[in-house]
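Undergrad: I am sharing data-v2.cif, which consists of mmCIF, C-alpha atoms:
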```
data_target
#
loop_
_atom_site.label_atom_id
_atom_site.label_comp_id
_atom_site.auth_asym_id
_atom_site.auth_seq_id
_atom_site.Cartn_x
_atom_site.Cartn_y
_atom_site.Cartn_z
CA MET Q 1 25.43 165.30 -38.83
CA LYS Q 2 23.19 163.08 -40.96
CA LYS Q 3 25.44 160.12 -40.17
CA VAL Q 4 25.12 160.77 -36.43
CA ILE Q 5 21.33 160.94 -36.70
CA MET Q 6 21.21 157.64 -38.58
CA ILE Q 7 23.39 155.95 -35.95
CA LEU Q 8 21.07 157.20 -33.20
CA ILE Q 9 18.04 155.85 -35.04
CA LEU Q 10 19.64 152.43 -35.39
CA LEU Q 11 20.61 152.39 -31.72
CA PHE Q 12 17.24 153.34 -30.29
CA LEU Q 13 14.89 151.89 -32.93
CA PRO Q 14 16.20 148.40 -33.72
CA ILE Q 15 12.95 147.39 -35.38
CA PHE Q 16 13.51 149.64 -38.40
CA PHE Q 17 14.96 147.76 -41.29
CA VAL Q 18 14.23 148.30 -44.97
CA THR Q 19 14.79 145.52 -47.45
CA ALA Q 20 13.87 144.69 -51.02
CA ARG Q 21 12.57 141.31 -49.93
CA GLU Q 22 9.12 140.40 -51.19
CA VAL Q 23 6.30 141.38 -48.86
CA THR Q 24 4.29 138.43 -47.63
CA ARG Q 25 0.87 138.54 -46.08
CA GLN Q 26 0.36 136.45 -42.99
CA ARG Q 27 -3.23 135.28 -42.68
CA LEU Q 28 -4.17 134.76 -39.04
CA VAL Q 29 -7.49 133.65 -37.61
CA GLY Q 30 -9.24 136.58 -35.95
CA LEU Q 31 -6.54 139.05 -37.03
CA ASP Q 32 -6.86 139.06 -40.81
CA ASN Q 33 -5.93 142.47 -42.24
CA TYR Q 34 -5.11 143.89 -38.78
CA ILE Q 35 -1.64 145.15 -39.70
CA SER Q 36 -2.85 147.01 -42.80
CA TYR Q 37 -4.28 149.77 -40.59
CA PHE Q 38 -0.79 150.63 -39.33
CA SER Q 39 0.90 151.11 -42.70
CA ASP Q 40 -0.66 154.30 -44.03
CA ASN Q 41 2.02 156.73 -42.84
CA LEU Q 42 5.63 156.26 -44.00
CA PRO Q 43 5.56 152.46 -43.72
CA LEU Q 44 8.87 150.67 -43.26
CA MET Q 45 9.35 147.09 -44.36
CA THR Q 46 11.08 144.71 -41.96
CA PRO Q 47 12.98 141.50 -42.86
CA ASN Q 48 9.90 139.25 -42.88
CA GLY Q 49 7.65 141.72 -44.66
CA ALA Q 50 5.62 143.41 -41.90
CA ARG Q 51 4.97 147.08 -42.69
CA VAL Q 52 4.34 149.47 -39.81
CA ALA Q 53 4.32 153.26 -39.85
CA LEU Q 54 7.05 155.12 -38.01
CA ASN Q 55 4.74 156.94 -35.61
CA TYR Q 56 3.59 153.63 -34.09
CA LEU Q 57 7.05 152.10 -33.89
CA ARG Q 58 8.45 155.15 -32.11
CA VAL Q 59 6.23 154.73 -29.06
CA LEU Q 60 6.50 150.95 -28.66
CA GLU Q 61 7.97 150.23 -25.23
CA ARG Q 62 11.25 148.37 -25.25
CA GLU Q 63 9.92 145.63 -22.95
CA PHE Q 64 7.26 144.59 -25.48
CA HIS Q 65 9.73 144.84 -28.34
CA ILE Q 66 12.03 142.43 -26.46
CA GLN Q 67 9.19 140.13 -25.42
CA PHE Q 68 7.78 139.47 -28.89
CA ARG Q 69 10.62 140.14 -31.35
CA GLU Q 70 12.01 136.60 -31.32
CA LEU Q 71 8.73 134.76 -31.78
CA ASN Q 72 9.61 133.84 -35.38
CA GLY Q 73 13.27 133.22 -34.55
CA ASP Q 74 14.79 136.42 -35.96
CA GLN Q 75 16.41 138.46 -33.23
CA GLY Q 76 16.17 142.21 -33.04
CA TYR Q 77 13.06 142.94 -35.11
CA ILE Q 78 9.30 143.01 -34.77
CA ASP Q 79 9.01 141.70 -38.30
CA THR Q 80 5.90 139.56 -38.67
CA GLU Q 81 2.22 140.42 -38.51
CA LEU Q 82 1.70 138.25 -35.44
CA GLU Q 83 4.59 139.86 -33.59
CA TRP Q 84 3.19 143.31 -34.36
CA ALA Q 85 -0.36 142.32 -33.36
CA LEU Q 86 0.93 141.16 -29.98
CA ALA Q 87 3.23 144.12 -29.41
CA SER Q 88 0.72 146.75 -30.53
CA TYR Q 89 -2.14 145.42 -28.41
CA TYR Q 90 -0.22 144.84 -25.19
CA SER Q 91 1.73 148.12 -25.49
CA PRO Q 92 -0.09 150.81 -23.43
CA SER Q 93 1.41 153.52 -25.63
CA VAL Q 94 0.54 152.00 -29.02
CA VAL Q 95 -2.96 150.93 -28.00
CA GLN Q 96 -3.84 154.56 -27.21
CA ILE Q 97 -3.05 155.77 -30.74
CA ARG Q 98 -4.20 152.79 -32.80
CA PRO Q 99 -6.58 153.40 -35.71
CA PRO Q 100 -10.22 152.68 -34.79
CA GLU Q 101 -10.28 149.84 -37.35
CA ALA Q 102 -7.49 148.08 -35.43
CA ASP Q 103 -9.33 148.57 -32.14
CA ALA Q 104 -12.43 146.99 -33.70
CA ILE Q 105 -10.41 143.82 -34.40
CA LEU Q 106 -8.61 143.74 -31.03
CA PRO Q 107 -10.86 145.84 -28.76
CA ALA Q 108 -9.06 147.48 -25.86
CA ASN Q 109 -12.32 147.44 -23.84
CA ASN Q 110 -12.81 143.69 -24.35
CA PRO Q 111 -9.57 141.99 -23.23
CA SER Q 112 -11.22 138.58 -23.13
CA LEU Q 113 -12.07 138.69 -26.86
CA ALA Q 114 -8.71 140.22 -27.76
CA ASP Q 115 -6.82 137.56 -25.80
CA GLN Q 116 -8.89 134.85 -27.47
CA LYS Q 117 -7.95 136.17 -30.92
CA LEU Q 118 -4.27 136.66 -30.14
CA GLY Q 119 -4.06 133.31 -28.40
CA ALA Q 120 -5.79 131.59 -31.32
CA ALA Q 121 -3.36 133.18 -33.79
CA VAL Q 122 -0.39 131.96 -31.73
CA PHE Q 123 -2.02 128.52 -31.49
CA GLN Q 124 -2.58 128.48 -35.27
CA GLU Q 125 1.12 128.98 -35.98
CA MET Q 126 2.13 126.55 -33.25
CA GLN Q 127 0.07 123.72 -34.75
CA ILE Q 128 1.84 123.86 -38.10
CA LEU Q 129 5.27 124.46 -36.55
CA ARG Q 130 4.83 121.34 -34.44
CA PHE Q 131 3.98 119.33 -37.57
CA LEU Q 132 7.05 120.74 -39.32
CA GLY Q 133 9.20 119.60 -36.41
CA ASP Q 134 10.41 123.06 -35.39
CA THR Q 135 10.57 122.39 -31.66
CA ALA Q 136 12.36 125.66 -30.85
CA ALA Q 137 9.63 127.70 -32.54
CA VAL Q 138 6.91 125.65 -30.83
CA SER Q 139 8.52 126.39 -27.47
CA ARG Q 140 8.60 130.13 -28.18
CA HIS Q 141 4.94 130.13 -29.21
CA GLU Q 142 3.95 128.04 -26.20
CA THR Q 143 5.64 130.57 -23.91
CA VAL Q 144 3.72 133.47 -25.46
CA LEU Q 145 0.42 131.56 -25.40
CA GLN Q 146 0.90 130.73 -21.72
CA TRP Q 147 1.69 134.40 -21.02
CA ILE Q 148 -1.63 135.39 -22.63
CA ILE Q 149 -3.53 132.77 -20.62
CA ASP Q 150 -1.83 133.83 -17.38
CA ARG Q 151 -3.32 137.31 -17.80
CA GLY Q 152 -6.52 135.72 -16.56
CA ASN Q 153 -8.92 136.84 -19.28
CA VAL Q 154 -9.15 133.58 -21.21
CA THR Q 155 -8.53 129.86 -20.77
CA ARG Q 156 -6.62 127.60 -23.12
CA ALA Q 157 -9.83 125.75 -23.90
CA GLU Q 158 -11.46 129.02 -24.99
CA VAL Q 159 -8.46 129.88 -27.17
CA GLU Q 160 -8.55 126.51 -28.92
CA ALA Q 161 -12.34 126.69 -29.33
CA PHE Q 162 -12.05 130.12 -30.96
CA TYR Q 163 -9.47 128.71 -33.34
CA ARG Q 164 -11.58 125.69 -34.34
CA ASN Q 165 -14.73 127.81 -34.75
CA ASN Q 166 -13.11 130.42 -36.97
CA ILE Q 167 -10.36 128.74 -39.00
CA ARG Q 168 -12.74 127.58 -41.73
CA GLY Q 169 -13.96 131.13 -42.35
CA LEU Q 170 -10.38 132.33 -42.74
CA ILE Q 171 -9.43 129.53 -45.13
CA SER Q 172 -12.60 129.98 -47.16
CA ASP Q 173 -11.77 133.68 -47.58
CA ILE Q 174 -8.21 132.92 -48.68
CA VAL Q 175 -9.37 130.29 -51.19
CA ASP Q 176 -11.95 132.69 -52.63
CA GLU Q 177 -9.36 135.44 -53.01
CA GLU Q 178 -6.56 133.38 -54.51
CA PHE Q 179 -8.73 131.27 -56.83
CA ASN Q 180 -10.49 134.36 -58.19
CA LYS Q 181 -7.46 136.11 -59.65
CA ILE Q 182 -4.78 135.60 -62.25
CA SER Q 183 -1.49 137.40 -62.91
CA PHE Q 184 -0.03 137.74 -66.38
CA LEU Q 185 2.17 139.86 -68.61
CA SER Q 186 -0.01 141.97 -70.90
CA GLU Q 187 2.03 142.33 -74.08
CA GLY Q 188 1.62 144.30 -77.30
CA SER Q 189 -0.07 147.39 -75.92
CA PRO Q 190 0.73 150.88 -77.29
CA ASN Q 191 2.76 151.65 -74.15
CA GLY Q 192 4.67 148.38 -73.99
CA SER Q 193 4.09 145.49 -71.60
CA TYR Q 194 2.20 145.63 -68.32
CA ASN Q 195 2.31 143.45 -65.23
CA ALA Q 196 -1.40 142.75 -64.93
CA VAL Q 197 -3.66 141.18 -62.31
CA LEU Q 198 -7.26 140.34 -63.15
CA THR Q 199 -9.45 139.80 -60.09
CA ARG Q 200 -13.03 138.58 -59.96
CA ASN Q 201 -15.20 139.36 -56.94
CA PRO Q 202 -16.64 135.99 -55.82
CA GLN Q 203 -19.70 137.64 -54.26
CA ASN Q 204 -20.98 139.65 -57.24
CA GLY Q 205 -18.84 138.55 -60.19
CA HIS Q 206 -17.42 142.04 -60.79
CA TYR Q 207 -13.94 142.40 -62.29
CA ILE Q 208 -10.93 144.56 -61.42
CA LEU Q 209 -7.98 144.88 -63.76
CA SER Q 210 -4.81 146.25 -62.18
CA TYR Q 211 -1.89 146.91 -64.49
CA GLU Q 212 1.55 148.35 -63.86
CA GLY Q 213 3.76 149.88 -66.52
CA PHE Q 214 5.49 153.04 -67.73
CA PHE Q 215 3.26 155.94 -68.68
CA ASN Q 216 4.87 159.19 -69.82
CA GLY Q 217 8.18 157.88 -68.55
CA ASN Q 218 6.89 157.13 -65.04
CA ARG Q 219 6.08 153.74 -63.53
CA GLN Q 220 2.45 153.72 -62.45
CA THR Q 221 -0.27 151.26 -61.48
CA LYS Q 222 -3.72 151.81 -62.94
CA THR Q 223 -7.02 150.03 -62.37
CA LEU Q 224 -10.19 149.46 -64.33
CA THR Q 225 -13.38 148.05 -62.83
CA ALA Q 226 -16.51 146.63 -64.42
CA THR Q 227 -19.52 144.55 -63.49
CA LEU Q 228 -19.05 142.18 -66.43
CA LEU Q 229 -16.10 140.96 -68.48
CA GLU Q 230 -17.67 142.44 -71.61
CA THR Q 231 -17.97 145.79 -69.89
CA LEU Q 232 -14.34 145.58 -68.82
CA SER Q 233 -13.32 144.95 -72.42
CA SER Q 234 -15.26 148.05 -73.45
CA GLU Q 235 -13.55 150.09 -70.73
CA MET Q 236 -10.17 148.91 -72.00
CA SER Q 237 -11.01 149.92 -75.58
CA ARG Q 238 -11.76 153.46 -74.42
CA THR Q 239 -8.28 154.01 -72.95
CA PRO Q 240 -5.07 154.60 -74.94
CA ASP Q 241 -3.35 151.89 -72.90
CA PHE Q 242 -4.78 148.90 -74.78
CA ASN Q 243 -5.39 147.65 -78.29
CA ARG Q 244 -7.37 144.77 -79.76
CA ALA Q 245 -4.58 142.24 -79.13
CA THR Q 246 -4.31 143.05 -75.43
CA ILE Q 247 -8.10 143.01 -75.01
CA ASP Q 248 -8.24 139.57 -76.62
CA GLN Q 249 -5.44 138.45 -74.32
CA LEU Q 250 -7.46 139.56 -71.30
CA ARG Q 251 -10.44 137.52 -72.45
CA ALA Q 252 -8.24 134.45 -72.75
CA GLN Q 253 -6.73 135.01 -69.30
CA ALA Q 254 -10.18 135.47 -67.74
CA ARG Q 255 -11.06 131.91 -68.76
CA LEU Q 256 -8.02 130.71 -66.78
CA ILE Q 257 -9.16 132.17 -63.45
CA PRO Q 258 -9.41 128.96 -61.36
CA ALA Q 259 -12.71 129.81 -59.65
CA VAL Q 260 -14.29 130.63 -63.01
CA ALA Q 261 -13.27 127.27 -64.42
CA LEU Q 262 -13.64 124.90 -61.46
CA SER Q 263 -16.98 123.67 -60.18
CA GLN Q 264 -18.18 124.87 -56.80
CA GLN Q 265 -17.87 121.29 -55.56
CA ALA Q 266 -14.17 121.28 -56.45
CA MET Q 267 -13.68 124.61 -54.67
CA ASN Q 268 -15.51 123.30 -51.60
CA ASP Q 269 -13.39 120.14 -51.54
CA ILE Q 270 -10.14 122.14 -51.66
CA THR Q 271 -11.34 124.27 -48.76
CA ASP Q 272 -12.44 121.18 -46.82
CA PHE Q 273 -9.09 119.41 -47.20
CA ILE Q 274 -7.13 122.45 -46.03
CA CYS Q 275 -9.51 122.97 -43.09
CA SER Q 276 -9.24 119.32 -42.09
CA PHE Q 277 -5.47 119.64 -41.92
CA CYS Q 278 -5.57 122.87 -39.89
CA ILE Q 279 -7.99 121.37 -37.36
CA ASN Q 280 -6.37 117.92 -37.19
CA VAL Q 281 -2.72 118.44 -38.05
CA ASN Q 282 -1.29 115.00 -38.76
CA GLN Q 283 0.24 112.89 -41.51
CA ASN Q 284 -3.13 111.62 -42.71
CA SER Q 285 -4.64 115.08 -43.24
CA TYR Q 286 -1.34 116.26 -44.75
CA ALA Q 287 -1.46 113.47 -47.33
CA TYR Q 288 -4.54 115.04 -48.90
CA LEU Q 289 -2.78 118.39 -49.22
CA ARG Q 290 0.17 116.93 -51.12
CA ASP Q 291 -2.13 114.74 -53.27
CA ILE Q 292 -3.89 117.87 -54.57
CA ILE Q 293 -0.59 119.22 -55.92
CA ALA Q 294 0.20 115.83 -57.45
CA LEU Q 295 -3.25 115.65 -59.05
CA TYR Q 296 -3.14 119.01 -60.80
CA LYS Q 297 0.48 118.56 -61.88
CA ASN Q 298 -0.39 115.17 -63.36
CA LEU Q 299 -3.36 116.69 -65.19
CA GLU Q 300 -1.23 119.54 -66.52
CA ASP Q 301 1.38 117.09 -67.80
CA THR Q 302 -1.12 114.75 -69.44
CA THR Q 303 -3.41 117.38 -70.99
CA GLY Q 304 -1.09 120.34 -71.57
CA LEU Q 305 -3.90 122.67 -70.42
CA LEU Q 306 -2.77 125.89 -68.76
CA ILE Q 307 -5.77 125.95 -66.43
CA TYR Q 308 -4.20 123.21 -64.30
CA ARG Q 309 -1.06 125.29 -63.83
CA GLU Q 310 -3.16 128.23 -62.67
CA ILE Q 311 -5.09 126.01 -60.25
CA THR Q 312 -1.81 124.68 -58.85
CA ASN Q 313 -0.46 128.23 -58.45
CA ALA Q 314 -3.61 129.44 -56.68
CA TYR Q 315 -3.58 126.45 -54.35
CA ALA Q 316 0.10 127.01 -53.52
CA ARG Q 317 -0.59 130.68 -52.74
CA VAL Q 318 -3.30 129.68 -50.26
CA LEU Q 319 -0.89 127.37 -48.42
CA TYR Q 320 1.86 130.00 -48.54
CA GLU Q 321 -0.33 132.58 -46.84
CA LEU Q 322 -1.01 130.10 -44.05
CA ASN Q 323 2.65 129.11 -43.69
CA PRO Q 324 5.45 129.44 -46.29
CA ALA Q 325 7.34 126.41 -44.95
CA LEU Q 326 4.20 124.28 -45.21
CA GLU Q 327 3.68 125.36 -48.82
CA ARG Q 328 7.27 124.43 -49.72
CA MET Q 329 6.90 121.04 -48.08
CA VAL Q 330 3.58 120.26 -49.79
CA SER Q 331 4.79 121.44 -53.20
CA ASN Q 332 8.07 119.53 -53.03
CA ASP Q 333 6.32 116.34 -51.95
CA GLY Q 334 3.61 116.66 -54.60
CA TYR Q 335 6.07 117.44 -57.38
CA ASP Q 336 8.56 114.72 -56.47
CA ASN Q 337 6.07 111.87 -55.99
CA ARG Q 338 3.02 111.90 -58.25
CA ARG Q 339 1.44 108.80 -56.75
CA TYR Q 340 -1.73 109.36 -54.73
CA ILE Q 341 -1.55 108.52 -51.04
CA ALA Q 342 -4.95 109.62 -49.76
CA LEU Q 343 -7.28 110.90 -52.50
CA THR Q 344 -9.77 108.33 -53.78
CA THR Q 345 -10.74 108.07 -57.44
CA GLU Q 346 -14.08 109.74 -56.68
CA GLN Q 347 -12.37 112.62 -54.85
CA ARG Q 348 -9.93 113.14 -57.73
CA GLN Q 349 -12.82 113.24 -60.17
CA ARG Q 350 -14.60 115.88 -58.10
CA LEU Q 351 -11.47 118.02 -57.93
CA ASP Q 352 -11.21 117.81 -61.73
CA ARG Q 353 -14.83 118.88 -62.30
CA PHE Q 354 -15.44 122.09 -64.24
CA ARG Q 355 -18.47 124.32 -64.51
#
```
Using structure tokens, write down the structure from this file.

TA:
Amino acid sequence: MKKVIMILILLFLPIFFVTAREVTRQRLVGLDNYISYFSDNLPLMTPNGARVALNYLRVLEREFHIQFRELNGDQGYIDTELEWALASYYSPSVVQIRPPEADAILPANNPSLADQKLGAAVFQEMQILRFLGDTAAVSRHETVLQWIIDRGNVTRAEVEAFYRNNIRGLISDIVDEEFNKISFLSEGSPNGSYNAVLTRNPQNGHYILSYEGFFNGNRQTKTLTATLLETLSSEMSRTPDFNRATIDQLRAQARLIPAVALSQQAMNDITDFICSFCINVNQNSYAYLRDIIALYKNLEDTTGLLIYREITNAYARVLYELNPALERMVSNDGYDNRRYIALTTEQRQRLDRFR
């Protein structure tokens, strides 16, 4: 009987697919964090990492599943954040039961704004895909964008204007997030090693330490928060999970958080170069992206300082969240050829400026 039920689920709900593949977060202009509001009730992970709760997937009409499932090229699944944003908004059944937070991002009572945001997100992906030479993907995105425009709520000019006006805010947020955290293995604690992430809030300087390990035989993730690094160290000393060695290790790792080390001018320049590429996607703007990888890899090799590796990792994560294929291309080019194509001496000096 259980086997029959499973076969029926697979036949009628082709979007359900669970995999151990790493979850990736797709950062889309106007839609950032949209999908998170759908993953609070039995979330299922699809091949490209999108997590959506079963109660929303059950009511999605087949026509919208078919219309948007192949946008990223994988047949049979709504498996990216953009595909789910499109399907969930244009589905009459899903839009009626969406969380209020999702409706605030894509308001059902303001189709013009919603179409601008969805169109801009499609346009965002299409720009990079065109640069990468993926003509089939560009064609699929162009078809969806034209479908949105044909609804009559928004023009292409309005979609592109929304994208240009809001892409810098998105990139600035991603840079702030990725350059204000560091991941490391916390070793030597009383309970063994932890997978730790130390995050600094760029607005107020507060710290969050998240650490995963085995406690009483069970794998758990714990968090500690503090307004200052010194306070965080004190909090750690009051728990049985840490000792002096692991507290000292945290202090050392905190100094390697890229945004703590780099000057604000360097952070601004990194944001500017990424924004310039996203607004004017061409070989010239791309050259600056690959030069940044080359710069920090050269500095790591010549100085041996770990901070440059952490800067490189944070920068790569930013590009990855915009487009994984773009990140691979930039990283490969920057690693393979360390000569500078675009960055001037003055620009390289600014990017290497510390606080």

Undergrad: Selection in question (the file shown): the PyMOL selection byres ((chain Q and resi 262) around 8). Which residues does it include, as JSON, numbers by chain?

TA: {"Q": [258, 259, 260, 261, 263, 264, 266, 267, 352, 353, 354, 355]}

Undergrad: Please identify all polymer residues within 12 Å of Q:Asn337, counting all atoms listed in the file, omitting same-chain residues fewer than 6 positions from it, and present them as a PyMOL selection string.

TA: chain Q and resi 287+290-295+297-298+330-331

Undergrad: Could you check the closest approach to Q:Cys275 for each of Q:Ala226, Q:Met329, Q:Ala245, Q:Ile174 and tell me which residue wins, using all atoms listed in the file?

TA: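 Checking each candidate against Q:Cys275, we get Q:Ile174 as the closest.
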
Undergrad: If we count all atoms listed in the file, what is near Q:Asn110 at a cut-off of 12 Å, once residues fewer than 6 positions away on the same chain are taken out, given as a ChimeraX atom specification?

TA: /Q:89,103-104,116-117,153-154

Undergrad: Have a look at Q:Val29, Q:Ile148, Q:Ile78, Q:Leu250 and name the one nearest to Q:Glu187; count all atoms listed in the file.

TA: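 Ranked by minimum distance to Q:Glu187, first place goes to Q:Leu250.
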
Undergrad: Could you state which residues are captured by the PyMOL selection byres ((chain Q and resi 207-216) around 10) in this file, as a ChimeraX atom specification?

TA: /Q:180-186,191-202,204-206,217-229,231-232,236,241,250,254

Undergrad: Would you list the contacts of Q:Gly152 as a PyMOL selection string, taking every protein, DNA or RNA residue within 10 Å and counting all atoms listed in the file, but skipping same-chain residues closer than 6 positions in sequence?

TA: chain Q and resi 111-112+115

Undergrad: What separation in Å, quoted to one decimal, exists between atom CA of Q:Leu31 and atom CA of Q:Ile105?

TA: 6.7 Å

Undergrad: Which of these, Q:Leu299, Q:Ala316, Q:Leu306, Q:Leu170, has the shortest distance to Q:Leu351 once you count all atoms listed in the file?

TA: Q:Leu299

Undergrad: On this structure, the PyMOL selection byres ((chain Q and resi 86) around 10) would catch which residues? List them as a CSV table (one decimal) with C-alpha atoms, in the coordinates of the input, sorted by chain and number.

TA:
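Output below, filename expr.csv:
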```
chain,number,residue,atom,x,y,z
Q,64,PHE,CA,7.3,144.6,-25.5
Q,65,HIS,CA,9.7,144.8,-28.3
Q,67,GLN,CA,9.2,140.1,-25.4
Q,68,PHE,CA,7.8,139.5,-28.9
Q,69,ARG,CA,10.6,140.1,-31.4
Q,78,ILE,CA,9.3,143.0,-34.8
Q,81,GLU,CA,2.2,140.4,-38.5
Q,82,LEU,CA,1.7,138.2,-35.4
Q,83,GLU,CA,4.6,139.9,-33.6
Q,84,TRP,CA,3.2,143.3,-34.4
Q,85,ALA,CA,-0.4,142.3,-33.4
Q,87,ALA,CA,3.2,144.1,-29.4
Q,88,SER,CA,0.7,146.8,-30.5
Q,89,TYR,CA,-2.1,145.4,-28.4
Q,90,TYR,CA,-0.2,144.8,-25.2
Q,91,SER,CA,1.7,148.1,-25.5
Q,106,LEU,CA,-8.6,143.7,-31.0
Q,114,ALA,CA,-8.7,140.2,-27.8
Q,115,ASP,CA,-6.8,137.6,-25.8
Q,118,LEU,CA,-4.3,136.7,-30.1
Q,119,GLY,CA,-4.1,133.3,-28.4
Q,121,ALA,CA,-3.4,133.2,-33.8
Q,122,VAL,CA,-0.4,132.0,-31.7
Q,144,VAL,CA,3.7,133.5,-25.5
Q,148,ILE,CA,-1.6,135.4,-22.6
```

Undergrad: Have a look at Q:Arg328, Q:Arg251, Q:Arg140, Q:Arg164 and name the one nearest to Q:Met126; count all atoms listed in the file.

TA: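 Residue with the minimum atom-to-atom distance to Q:Met126: Q:Arg140.
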
Undergrad: What gap, in Å, lies between atom CA of Q:Glu327 and atom CA of Q:Leu343?

TA: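 Atom-to-atom, atom CA of Q:Glu327 to atom CA of Q:Leu343, that is 18.5 Å.
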
Undergrad: One decimal, Å: what's the distance from atom CA of Q:Gly73 over to atom CA of Q:Thr143, could you say?

TA: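 We find that atom CA of Q:Gly73 and atom CA of Q:Thr143 lie 13.4 Å from each other.
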
Undergrad: Which residues come within 12 Å of Q:Val175, counting all atoms listed in the file, excluding same-chain residues fewer than 2 positions away, as a PyMOL selection string?

TA: chain Q and resi 27+168-173+177-181+202+258-259+264+266-275+311+313-322

Undergrad: Calculated over all atoms listed in the file, which of the candidates Q:Ile341, Q:Ile247, Q:Val281, Q:Ala137 has the smallest distance to Q:Asn72?

TA: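 Closest to Q:Asn72 of all the choices is Q:Ala137.
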
Undergrad: Of the residues Q:Leu129, Q:Leu60, Q:Ala53, Q:Ala252, which is the one nearest to Q:His141, using only C-alpha atoms?

TA: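 Closest candidate: Q:Leu129.
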